[in-house]
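> Following this line is entry-v4.txt, made up of compact mmCIF, C-alpha atoms:
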```
# COMPACT_ATOMS: atom_id res chain seq x y z
CA MET A 1 0.00 0.00 0.00
CA ASP A 2 1.44 3.35 -1.00
CA ARG A 3 1.75 6.36 1.24
CA PRO A 4 -1.34 8.32 0.14
CA THR A 5 -3.45 5.26 0.65
CA LEU A 6 -1.98 4.78 4.11
CA ALA A 7 -2.56 8.40 5.00
CA MET A 8 -6.14 8.41 3.82
CA PRO A 9 -7.34 4.83 3.42
CA THR A 10 -10.60 4.27 1.66
CA ASP A 11 -13.53 2.69 3.37
CA GLY A 12 -12.95 -0.55 1.57
CA ASP A 13 -9.38 -0.77 2.87
CA ILE A 14 -10.49 -0.15 6.42
CA GLU A 15 -13.16 -2.78 6.13
CA ARG A 16 -10.71 -5.30 4.72
CA VAL A 17 -8.14 -4.64 7.43
CA SER A 18 -10.73 -4.78 10.18
CA GLU A 19 -12.09 -7.98 8.72
CA GLN A 20 -8.65 -9.57 8.80
CA LEU A 21 -8.01 -8.33 12.31
CA ARG A 22 -11.32 -9.71 13.44
CA GLU A 23 -10.48 -13.08 11.94
CA ALA A 24 -7.11 -13.05 13.68
CA ILE A 25 -8.74 -12.27 17.00
CA GLN A 26 -11.40 -14.86 16.50
CA ARG A 27 -8.74 -17.45 15.81
CA LEU A 28 -7.65 -17.02 19.40
CA PHE A 29 -11.08 -18.07 20.59
CA LYS A 30 -11.55 -21.03 18.31
CA ARG A 31 -10.76 -23.54 20.99
CA SER A 32 -12.65 -23.78 24.23
CA LEU A 33 -14.54 -20.76 25.41
CA HIS A 34 -15.65 -19.76 28.88
CA VAL A 35 -18.76 -17.68 29.18
CA ARG A 36 -19.76 -15.38 32.01
CA HIS A 37 -23.45 -14.61 32.05
CA VAL A 38 -24.78 -11.39 33.58
CA ASP A 39 -28.48 -10.73 34.02
CA ALA A 40 -28.83 -6.97 33.56
CA GLY A 41 -32.52 -6.70 34.29
CA SER A 42 -33.89 -9.51 32.18
CA CYS A 43 -37.35 -11.00 32.66
CA ASN A 44 -35.66 -14.42 33.04
CA ALA A 45 -37.02 -15.79 29.79
CA CYS A 46 -33.58 -15.51 28.25
CA GLU A 47 -32.11 -17.15 31.34
CA SER A 48 -34.50 -20.04 30.87
CA GLU A 49 -33.21 -20.54 27.34
CA ILE A 50 -29.58 -20.12 28.36
CA LYS A 51 -30.05 -22.73 31.06
CA GLN A 52 -31.30 -25.16 28.42
CA LEU A 53 -27.92 -24.94 26.70
CA THR A 54 -26.41 -27.17 29.36
CA SER A 55 -29.22 -29.73 29.11
CA PRO A 56 -28.53 -33.12 27.52
CA TYR A 57 -30.41 -32.13 24.38
CA TYR A 58 -28.42 -29.02 23.46
CA ASP A 59 -25.26 -29.89 25.43
CA LEU A 60 -23.14 -26.83 24.82
CA HIS A 61 -20.12 -28.59 26.33
CA ARG A 62 -19.75 -30.75 23.22
CA LEU A 63 -18.76 -27.53 21.42
CA GLY A 64 -16.17 -26.62 24.02
CA ILE A 65 -18.20 -23.77 25.46
CA PHE A 66 -18.51 -23.66 29.22
CA PHE A 67 -20.18 -21.38 31.69
CA SER A 68 -17.83 -19.80 34.14
CA THR A 69 -18.67 -18.68 37.64
CA SER A 70 -16.11 -15.91 37.66
CA PRO A 71 -15.51 -13.14 35.15
CA ARG A 72 -11.78 -13.53 35.70
CA HIS A 73 -11.89 -16.92 34.01
CA ALA A 74 -14.22 -15.84 31.21
CA ASP A 75 -13.55 -15.00 27.59
CA LEU A 76 -17.06 -13.94 26.67
CA LEU A 77 -19.60 -11.81 28.50
CA LEU A 78 -23.19 -12.87 27.85
CA VAL A 79 -25.60 -10.11 28.79
CA THR A 80 -29.37 -10.31 28.95
CA GLY A 81 -31.80 -7.55 29.74
CA PRO A 82 -32.11 -3.86 28.92
CA VAL A 83 -29.32 -2.86 31.38
CA THR A 84 -31.21 -1.39 34.29
CA ARG A 85 -29.83 1.49 36.28
CA ALA A 86 -29.03 -0.76 39.22
CA MET A 87 -27.19 -3.35 37.12
CA GLU A 88 -25.16 -0.98 34.98
CA ALA A 89 -22.32 -0.58 37.47
CA PRO A 90 -22.07 -4.32 38.28
CA LEU A 91 -22.08 -5.04 34.56
CA LEU A 92 -19.23 -2.62 34.00
CA ARG A 93 -17.33 -4.08 36.94
CA THR A 94 -17.78 -7.54 35.48
CA TYR A 95 -16.49 -6.31 32.14
CA GLU A 96 -13.49 -4.68 33.81
CA ALA A 97 -12.69 -7.87 35.68
CA MET A 98 -12.43 -9.91 32.50
CA PRO A 99 -9.03 -10.41 30.93
CA ASP A 100 -8.32 -9.21 27.42
CA PRO A 101 -9.21 -10.18 24.76
CA ARG A 102 -12.86 -10.38 25.66
CA LEU A 103 -16.06 -10.63 23.72
CA VAL A 104 -19.47 -9.21 24.56
CA VAL A 105 -22.66 -10.83 23.32
CA GLY A 106 -26.10 -9.34 23.89
CA VAL A 107 -28.99 -11.78 24.15
CA GLY A 108 -32.61 -10.99 23.51
CA ALA A 109 -34.61 -8.09 22.20
CA CYS A 110 -33.90 -6.14 25.40
CA ALA A 111 -30.15 -6.18 24.92
CA CYS A 112 -30.52 -5.45 21.21
CA ASP A 113 -32.92 -2.55 21.30
CA GLY A 114 -34.62 -2.32 24.67
CA GLY A 115 -37.36 -4.74 23.71
CA ILE A 116 -40.54 -4.42 25.69
CA PHE A 117 -38.85 -2.30 28.34
CA GLY A 118 -37.32 0.21 25.96
CA GLN A 119 -35.35 3.17 27.16
CA SER A 120 -36.64 4.83 30.28
CA CYS A 121 -35.42 6.50 33.41
CA LEU A 122 -34.56 3.07 34.81
CA THR A 123 -33.09 1.30 31.80
CA ARG A 124 -30.42 2.20 29.33
CA GLY A 125 -32.43 0.57 26.59
CA ALA A 126 -29.68 -1.29 24.78
CA LEU A 127 -26.44 -3.02 25.63
CA SER A 128 -24.56 -1.11 22.96
CA ARG A 129 -25.06 2.08 24.94
CA VAL A 130 -23.02 0.60 27.79
CA LEU A 131 -20.46 -1.78 26.32
CA PRO A 132 -18.90 -2.44 22.92
CA VAL A 133 -20.96 -5.31 21.59
CA ASP A 134 -19.52 -7.97 19.31
CA VAL A 135 -22.62 -10.00 18.52
CA LEU A 136 -26.32 -9.39 19.09
CA ILE A 137 -28.75 -12.30 19.28
CA PRO A 138 -32.32 -11.07 18.77
CA GLY A 139 -35.41 -12.93 19.84
CA CYS A 140 -37.77 -12.76 22.75
CA PRO A 141 -36.35 -15.04 23.97
CA PRO A 142 -34.00 -16.53 21.37
CA THR A 143 -34.21 -20.28 21.13
CA PRO A 144 -31.22 -22.29 22.33
CA PHE A 145 -30.40 -22.94 18.67
CA ALA A 146 -30.20 -19.21 18.08
CA LEU A 147 -27.98 -18.88 21.15
CA ILE A 148 -25.64 -21.58 19.84
CA HIS A 149 -25.49 -19.83 16.48
CA GLY A 150 -24.76 -16.50 18.10
CA LEU A 151 -22.03 -17.86 20.35
CA LEU A 152 -20.38 -19.64 17.43
CA LEU A 153 -20.69 -16.47 15.37
CA ALA A 154 -18.89 -14.52 18.08
CA ILE A 155 -15.92 -16.86 18.00
CA GLY A 156 -15.83 -17.19 14.24
CA ARG A 157 -17.20 -20.70 13.92
CA ALA A 158 -20.43 -19.76 12.17
CA ASP A 159 -21.47 -17.55 9.29
CA GLN A 160 -23.68 -14.56 9.74
CA LYS A 161 -26.88 -15.20 7.85
CA LEU A 162 -28.87 -12.02 8.40
CA ARG A 163 -27.61 -8.98 6.55
CA HIS A 164 -29.61 -5.76 6.38
CA GLY A 165 -32.70 -7.56 7.46
CA GLN A 166 -32.52 -10.26 4.83
CA MET A 167 -31.51 -13.84 5.26
CA GLN A 168 -28.68 -15.03 3.10
CA ALA A 169 -27.58 -18.49 2.33
CA SER A 170 -24.94 -20.12 4.47
CA GLY A 171 -21.42 -19.60 3.26
CA ASP A 172 -22.31 -16.41 1.42
CA ARG A 173 -19.33 -14.38 2.50
CA PRO A 174 -18.76 -10.74 1.63
CA ALA A 175 -16.62 -10.08 -1.41
CA ALA A 176 -14.22 -7.93 0.60
CA ARG A 177 -12.74 -11.00 2.18
CA ALA A 178 -11.61 -12.43 -1.14
CA THR A 179 -8.97 -9.77 -1.77
CA PRO A 180 -6.68 -9.39 1.23
CA THR A 181 -4.91 -6.11 1.78
CA PRO A 182 -1.11 -6.23 1.89
CA ALA A 183 -1.14 -3.82 4.83
CA LEU A 184 -1.29 -6.62 7.37
CA HIS A 185 1.47 -8.78 5.93
CA GLY A 186 3.88 -9.75 8.62
CA ILE A 187 1.46 -9.54 11.49
CA THR A 188 1.31 -12.85 13.28
CA GLY A 189 -1.83 -14.79 12.67
CA VAL A 190 -3.08 -12.88 9.66
CA GLU A 191 -3.38 -14.87 6.51
CA GLN A 192 -1.88 -13.43 3.38
CA MET B 193 -33.07 -52.88 40.12
CA GLN B 194 -30.07 -50.96 41.24
CA PHE B 195 -28.99 -49.65 37.83
CA ALA B 196 -32.36 -48.86 36.38
CA TRP B 197 -31.14 -45.44 35.32
CA LEU B 198 -28.30 -47.04 33.38
CA ILE B 199 -30.60 -49.34 31.45
CA ARG B 200 -32.97 -46.50 30.81
CA GLY B 201 -30.14 -44.41 29.46
CA LEU B 202 -28.92 -47.18 27.22
CA ARG B 203 -32.42 -47.69 25.85
CA THR B 204 -32.83 -43.99 25.17
CA GLY B 205 -29.60 -43.68 23.23
CA ILE B 206 -28.18 -40.38 22.06
CA MET B 207 -30.67 -37.57 22.23
CA THR B 208 -28.30 -34.64 21.80
CA THR B 209 -28.94 -32.46 18.79
CA ARG B 210 -26.34 -32.22 16.04
CA TYR B 211 -27.25 -28.62 15.46
CA PRO B 212 -24.22 -26.76 14.18
CA ARG B 213 -23.19 -29.65 11.99
CA GLU B 214 -26.65 -30.48 10.71
CA PRO B 215 -29.28 -27.79 10.22
CA GLU B 216 -32.09 -27.98 12.68
CA THR B 217 -35.50 -27.25 11.24
CA LEU B 218 -37.99 -26.02 13.76
CA PRO B 219 -41.61 -27.21 13.44
CA THR B 220 -44.21 -25.35 11.47
CA GLY B 221 -45.86 -22.78 13.65
CA PHE B 222 -42.67 -21.73 15.37
CA ARG B 223 -42.55 -17.98 15.27
CA GLY B 224 -39.21 -16.93 13.89
CA ARG B 225 -38.58 -13.68 12.15
CA PRO B 226 -41.47 -12.03 10.30
CA ALA B 227 -40.93 -11.45 6.60
CA LEU B 228 -42.56 -8.89 4.35
CA ASP B 229 -43.89 -9.51 0.86
CA ALA B 230 -43.44 -5.98 -0.42
CA GLY B 231 -45.59 -6.61 -3.47
CA ARG B 232 -48.63 -7.19 -1.33
CA CYS B 233 -48.07 -4.51 1.27
CA ARG B 234 -50.60 -1.69 1.17
CA ALA B 235 -48.71 0.71 3.38
CA ALA B 236 -48.40 3.20 0.53
CA ASP B 237 -52.18 3.35 0.36
CA GLY B 238 -52.49 4.40 3.97
CA CYS B 239 -52.56 1.05 5.74
CA ALA B 240 -50.72 0.97 9.04
CA ALA B 241 -52.27 -2.02 10.72
CA CYS B 242 -48.97 -3.65 11.62
CA VAL B 243 -47.59 -0.43 13.08
CA GLN B 244 -50.58 -0.06 15.34
CA VAL B 245 -50.32 -3.51 16.87
CA CYS B 246 -46.53 -3.67 17.14
CA LEU B 247 -45.90 -3.48 20.85
CA PRO B 248 -42.13 -2.84 20.89
CA ARG B 249 -42.47 -0.55 17.84
CA ALA B 250 -40.25 -2.71 15.73
CA ILE B 251 -42.22 -1.77 12.60
CA THR B 252 -42.17 1.88 11.61
CA LEU B 253 -43.29 3.72 8.52
CA GLU B 254 -41.69 6.84 7.15
CA GLN B 255 -43.22 9.11 4.61
CA ARG B 256 -40.97 9.99 1.74
CA VAL B 257 -41.61 13.25 -0.02
CA GLY B 258 -40.31 13.76 -3.51
CA GLY B 259 -37.72 11.59 -5.12
CA GLY B 260 -35.12 10.50 -2.67
CA ALA B 261 -35.18 12.51 0.52
CA THR B 262 -36.88 11.17 3.57
CA GLY B 263 -39.85 13.27 4.45
CA ARG B 264 -39.57 15.10 7.70
CA VAL B 265 -42.55 16.33 9.53
CA GLY B 266 -41.14 19.59 10.97
CA GLU B 267 -38.73 21.90 9.49
CA GLY B 268 -36.82 22.14 12.75
CA ALA B 269 -35.50 18.62 12.61
CA THR B 270 -33.09 19.10 9.76
CA GLU B 271 -29.89 17.91 11.38
CA GLY B 272 -28.89 14.30 11.19
CA SER B 273 -29.01 12.52 7.88
CA GLY B 274 -30.49 9.29 9.11
CA ASP B 275 -31.76 8.09 5.83
CA VAL B 276 -32.01 4.65 7.32
CA PRO B 277 -32.72 5.12 11.01
CA ALA B 278 -30.32 2.77 12.67
CA ARG B 279 -31.40 2.77 16.25
CA GLY B 280 -33.99 4.29 18.42
CA GLN B 281 -36.83 3.91 16.02
CA LYS B 282 -39.23 3.53 18.84
CA SER B 283 -40.87 6.55 20.24
CA ASN B 284 -39.29 7.69 23.42
CA SER B 285 -42.66 8.17 25.00
CA GLY B 286 -44.44 5.44 26.80
CA ILE B 287 -46.99 3.05 25.40
CA GLY B 288 -49.79 5.55 25.81
CA GLY B 289 -47.72 8.20 24.17
CA GLU B 290 -48.91 11.11 26.26
CA THR B 291 -46.00 11.65 28.58
CA PRO B 292 -42.50 11.81 27.17
CA ALA B 293 -39.84 9.87 29.02
CA ILE B 294 -36.16 10.65 28.89
CA PRO B 295 -35.56 12.25 25.49
CA THR B 296 -33.09 10.36 23.41
CA ALA B 297 -30.24 12.10 21.70
CA ASP B 298 -30.90 10.14 18.56
CA PRO B 299 -32.05 12.37 15.71
CA ALA B 300 -33.64 9.40 14.02
CA VAL B 301 -36.33 9.40 16.66
CA ASN B 302 -37.54 12.76 15.53
CA GLU B 303 -37.50 11.75 11.91
CA SER B 304 -39.41 8.54 11.93
CA VAL B 305 -43.07 9.11 11.38
CA ALA B 306 -45.30 7.00 13.50
CA ALA B 307 -48.34 6.15 11.51
CA SER B 308 -50.72 5.29 14.26
CA PRO B 309 -53.88 7.37 14.03
CA ARG B 310 -54.30 6.96 17.77
CA ARG B 311 -51.15 8.96 18.24
CA PRO B 312 -51.30 11.88 15.88
CA LEU B 313 -48.05 13.64 15.32
CA ALA B 314 -49.23 17.01 16.53
CA ASP B 315 -50.00 15.60 19.95
CA SER B 316 -46.52 14.30 20.55
CA PRO B 317 -44.59 16.94 22.48
CA THR B 318 -41.24 15.41 21.62
CA ARG B 319 -41.66 16.02 17.91
CA PRO B 320 -41.79 19.37 16.18
CA VAL B 321 -45.25 20.51 15.33
CA ASP B 322 -46.26 20.02 11.74
CA PRO B 323 -46.10 23.43 10.08
CA SER B 324 -48.61 22.48 7.44
CA PRO B 325 -51.84 21.32 9.08
CA THR B 326 -53.27 20.28 5.77
CA ARG B 327 -50.89 17.38 5.50
CA PRO B 328 -52.69 14.13 6.38
CA LEU B 329 -51.51 12.62 9.60
CA ALA B 330 -51.89 9.07 8.42
CA VAL B 331 -49.10 7.94 6.17
CA SER B 332 -50.12 7.84 2.56
CA GLY B 333 -48.43 7.93 -0.78
CA GLU B 334 -49.54 11.45 -1.52
CA GLY B 335 -46.03 12.81 -1.34
CA GLY B 336 -45.03 10.92 -4.43
CA GLY B 337 -41.98 9.28 -2.89
CA GLY B 338 -43.83 6.43 -1.33
CA VAL B 339 -43.50 5.05 2.14
CA ARG B 340 -40.43 3.57 3.70
CA PHE B 341 -41.08 0.41 5.68
CA ASN B 342 -38.62 -0.35 8.47
CA LEU B 343 -38.62 -3.58 10.42
CA ASN B 344 -36.11 -3.83 13.24
CA TYR B 345 -35.48 -7.46 14.09
CA GLY B 346 -33.59 -6.36 17.17
CA ALA B 347 -36.71 -4.92 18.72
CA CYS B 348 -39.10 -7.53 17.35
CA ILE B 349 -40.43 -9.96 19.94
CA MET B 350 -41.82 -12.36 17.33
CA CYS B 351 -45.32 -12.17 18.76
CA GLY B 352 -47.02 -12.55 15.37
CA LEU B 353 -49.57 -9.81 15.98
CA CYS B 354 -48.52 -7.95 12.82
CA VAL B 355 -49.14 -11.08 10.77
CA ALA B 356 -52.59 -11.45 12.28
CA ALA B 357 -53.38 -7.79 11.72
CA CYS B 358 -52.12 -7.53 8.15
CA PRO B 359 -55.21 -7.23 5.92
CA SER B 360 -53.38 -8.11 2.72
CA ALA B 361 -51.34 -11.04 4.06
CA ALA B 362 -48.08 -9.31 3.18
CA LEU B 363 -46.42 -10.21 6.46
CA SER B 364 -45.76 -13.78 7.43
CA MET B 365 -43.87 -15.51 10.19
CA THR B 366 -41.00 -17.70 9.12
CA THR B 367 -39.25 -20.35 11.16
CA GLU B 368 -35.83 -18.76 10.72
CA TYR B 369 -34.07 -18.25 14.00
CA GLU B 370 -30.39 -17.72 13.11
CA LEU B 371 -30.62 -13.97 13.43
CA ALA B 372 -27.39 -13.18 15.29
CA VAL B 373 -25.44 -10.32 13.72
CA ARG B 374 -22.22 -8.46 14.36
CA ARG B 375 -23.51 -5.00 13.53
CA PRO B 376 -26.87 -3.69 14.75
CA ASP B 377 -27.53 -2.20 11.31
CA ASP B 378 -27.82 -5.69 9.89
CA LEU B 379 -30.91 -6.25 12.00
CA ILE B 380 -32.93 -3.60 10.19
CA PHE B 381 -34.93 -4.45 7.12
CA THR B 382 -35.86 -1.45 5.00
CA THR B 383 -37.80 -1.17 1.80
CA THR B 384 -39.62 1.60 -0.01
CA LEU B 385 -43.24 1.06 -0.88
CA THR B 386 -45.19 2.99 -3.45
CA ARG B 387 -48.74 2.68 -4.59
CA GLY B 388 -49.18 -0.73 -6.11
CA GLY B 389 -46.07 -2.34 -4.74
CA ALA B 390 -42.40 -1.81 -4.12
CA ASP B 391 -40.30 0.20 -6.51
CA GLY B 392 -37.34 -2.03 -6.86
CA GLY B 393 -36.51 -2.19 -3.21
CA PRO B 394 -35.58 -5.45 -1.58
CA THR B 395 -38.51 -7.79 -1.46
CA ASP B 396 -38.30 -10.21 1.36
CA SER B 397 -40.77 -12.68 -0.01
CA ARG B 398 -38.39 -15.56 -0.52
CA ASP B 399 -39.52 -17.46 2.51
CA ALA B 400 -43.07 -16.27 2.68
CA ASN B 401 -45.45 -19.14 2.94
```
For the file at hand, write its structure as structure tokens.


Amino acid sequence: MDRPTLAMPTDGDIERVSEQLREAIQRLFKRSLHVRHVDAGSCNACESEIKQLTSPYYDLHRLGIFFSTSPRHADLLLVTGPVTRAMEAPLLRTYEAMPDPRLVVGVGACACDGGIFGQSCLTRGALSRVLPVDVLIPGCPPTPFALIHGLLLAIGRADQKLRHGQMQASGDRPAARATPTPALHGITGVEQ
Amino acid sequence: MQFAWLIRGLRTGIMTTRYPREPETLPTGFRGRPALDAGRCRAADGCAACVQVCLPRAITLEQRVGGGATGRVGEGATEGSGDVPARGQKSNSGIGGETPAIPTADPAVNESVAASPRRPLADSPTRPVDPSPTRPLAVSGEGGGGVRFNLNYGACIMCGLCVAACPSAALSMTTEYELAVRRPDDLIFTTTLTRGGADGGPTDSRDAN
């Protein structure tokens, strides 16, 4: 990449570089994953579905994903609820206690957009207003299958199927990934 | 029998799903994401049945005036070029709509036109008052640019009320559940409706059944 391009990269370059960086980060998580779940004001419907993940039918452990009882052992923060005023500070403390690199996944319509609760004087309305969110799993509540898909999407083991509100076939990857940018050559873990 | 549980387990066999490796099809009647058949939708003719019943305000309609610009109901709300309102499409007032809650800083809130006749725009104190009282409050295609239909899957609770309320059967519930996304913008389905159908916008009728 020449100097003018480096000084003022186009949007396509930034997207390609960020895509490669994201893949490199996700490669770190491709083995076992420990999840810390925080209920930030949920109605417990999402908790009911999350609890089913450890049942014999869904059996999340077969995928190498485990629930951790401490944020210090966790790689991924699973947040449900519209982030109430009382749970905002504990949620941030949990996030601070997690070691880097860490992922944040919002579960349910409340974490995505406020859901039924919405934004009020007692709720922040969306998880993205509090923490940087990596993956959002909509649904009220999302089924355990949707949770599995979202968790695997966060660690790069599944393809995103919904783009701009439309479902796309599995394996339909964006065209930007086909032409790697030479800017990241030499960085460990980035394919050339 | 001391090991009855063991024999029972051996008889049952493996019951764990193979989900990520093999696609899991949920039974008919499962309410996944709603899909819009834009060719059938009558929103450009003034219909707003789905907007009225949508409890979390996941479905919104915007009036478009002229060719490309999104119609704005007050001249004061000119800042913010949210052509596609990303977040905060819901009204920041409560369900009744009389008392405003904490005002959001999102300019898209002021731009999106709620089409419910029970909540006329002039009564909402959070929105600028319509300078032209002759403009119809209900969304219609009179402006010439049609009506923009927004469906936010992030806010949708998959209740199916919009499907039941749709008089032209344009909305339908699918059994698709793999809706996780990396960017919140990917959760928003947007199409532009004109009188007699969509004008080349994305039609999400592939899975309508």

> Could I get the residues of chain B with an atom no further than 7 Å from an atom of chain A, each paired with its nearest atom pair and that distance in Å to one decimal, using only C-alpha atoms, sorted by chain and residue number, as CSV?


```
residue,atom,partner,partner_atom,distance
B:Met207,CA,A:Tyr57,CA,5.9
B:Thr208,CA,A:Tyr57,CA,4.2
B:Thr209,CA,A:Tyr57,CA,5.8
B:Pro248,CA,A:Ile116,CA,5.3
B:Ala293,CA,A:Ser120,CA,6.1
B:Ile294,CA,A:Ser120,CA,6.0
B:Tyr345,CA,A:Pro138,CA,6.7
B:Gly346,CA,A:Pro138,CA,5.1
B:Ala347,CA,A:Gly115,CA,5.0
B:Cys348,CA,A:Ala109,CA,6.6
B:Ile349,CA,A:Cys140,CA,4.8
B:Met350,CA,A:Cys140,CA,6.8
B:Tyr369,CA,A:Ala146,CA,5.7
B:Glu370,CA,A:Ala146,CA,5.2
B:Leu371,CA,A:Leu162,CA,5.7
B:Ala372,CA,A:Ile137,CA,4.3
B:Val373,CA,A:Leu136,CA,5.5
B:Arg374,CA,A:Val135,CA,4.5
B:Asp377,CA,A:His164,CA,6.4
B:Asp378,CA,A:His164,CA,3.9
B:Leu379,CA,A:Gly165,CA,5.1
B:Ile380,CA,A:Gly165,CA,4.8
B:Phe381,CA,A:Gly165,CA,3.8
B:Asp396,CA,A:Gln166,CA,6.7
```

> Compile the contact shell of Arg22 of chain A as a PyMOL selection string: residues with an atom at most 10 Å away, counting only C-alpha atoms, same-chain residues fewer than 5 positions apart removed.

chain A and resi 16-17+27+155-156+190

> Neighbours of Arg249 of chain B within 9 Å (all atoms listed in the file; same-chain residues fewer than 2 positions away dropped), as a JSON list (two decimals) with C-alpha atoms, in the frame of the given file?


```json
[["chain", "number", "residue", "atom", "x", "y", "z"],
["A", 115, "GLY", "CA", -37.36, -4.74, 23.71],
["A", 116, "ILE", "CA", -40.54, -4.42, 25.69],
["B", 243, "VAL", "CA", -47.59, -0.43, 13.08],
["B", 244, "GLN", "CA", -50.58, -0.06, 15.34],
["B", 245, "VAL", "CA", -50.32, -3.51, 16.87],
["B", 246, "CYS", "CA", -46.53, -3.67, 17.14],
["B", 247, "LEU", "CA", -45.90, -3.48, 20.85],
["B", 251, "ILE", "CA", -42.22, -1.77, 12.60],
["B", 252, "THR", "CA", -42.17, 1.88, 11.61],
["B", 281, "GLN", "CA", -36.83, 3.91, 16.02],
["B", 282, "LYS", "CA", -39.23, 3.53, 18.84],
["B", 283, "SER", "CA", -40.87, 6.55, 20.24],
["B", 343, "LEU", "CA", -38.62, -3.58, 10.42],
["B", 344, "ASN", "CA", -36.11, -3.83, 13.24],
["B", 347, "ALA", "CA", -36.71, -4.92, 18.72],
["B", 348, "CYS", "CA", -39.10, -7.53, 17.35]]
```

> Grab the atom CA of Glu49 of chain A to atom CA of Thr80 of chain A distance for me, in Å with one decimal place.

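Here the two named atoms are 11.0 Å from each other.
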
> Between atom CA of Ala89 of chain A and atom CA of Pro376 of chain B, what is the distance in Å, rounded to a tenth?

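That distance, rounded to one decimal, is 23.4 Å.
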
> Give the padded box for segment 94-111 of chain A as AutoDock Vina command-line options: axis-aligned, covering all atoms listed in the file, 4 Å on each side, centre and edge lengths in Å to one decimal.


```
--center_x -21.5 --center_y -8.2 --center_z 28.9 --size_x 34.3 --size_y 15.1 --size_z 21.5
```

> What does the distance between atom CA of Arg36 of chain A and atom CA of Thr84 of chain A come to in Å, to one decimal place?

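It comes out at 18.2 Å.
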
> Using all atoms listed in the file, determine which residues lie at most 8 Å from Gly64 of chain A, disregarding the query and same-chain residues fewer than 3 positions distant; provide the list as a ChimeraX atom specification.

/A:31-33,60-61

> Any idea what's packed within 12 Å of Met87 of chain A, counting all atoms listed in the file, ignoring anything in its chain fewer than 6 positions away? Could you give it as number ranges by chain?

A: 38-42, 79-81, 93-94, 122-124, 127, 130

> Which residue out of B:Leu228, B:Ala241, B:Met365, B:Cys358 has the minimum interatomic distance to Phe341 of chain B when all atoms listed in the file are used?

B:Leu228

> Considering all atoms listed in the file, return as a ChimeraX atom specification whatever protein or nucleic-acid residues lie within 8 Å of Val355 of chain B, sequence-local ones (same chain, fewer than 6 positions apart) excluded.

/B:226,242,361-365

> Could the residues in this selection be saved with C-alpha atoms as an mmCIF file, in the coordinates of the input?


```cif
data_model
loop_
_atom_site.group_PDB
_atom_site.id
_atom_site.type_symbol
_atom_site.label_atom_id
_atom_site.label_comp_id
_atom_site.auth_asym_id
_atom_site.auth_seq_id
_atom_site.Cartn_x
_atom_site.Cartn_y
_atom_site.Cartn_z
ATOM 1 C CA PRO B 226 -41.470 -12.030 10.300
ATOM 2 C CA CYS B 242 -48.970 -3.650 11.620
ATOM 3 C CA ALA B 361 -51.340 -11.040 4.060
ATOM 4 C CA ALA B 362 -48.080 -9.310 3.180
ATOM 5 C CA LEU B 363 -46.420 -10.210 6.460
ATOM 6 C CA SER B 364 -45.760 -13.780 7.430
ATOM 7 C CA MET B 365 -43.870 -15.510 10.190
#
```
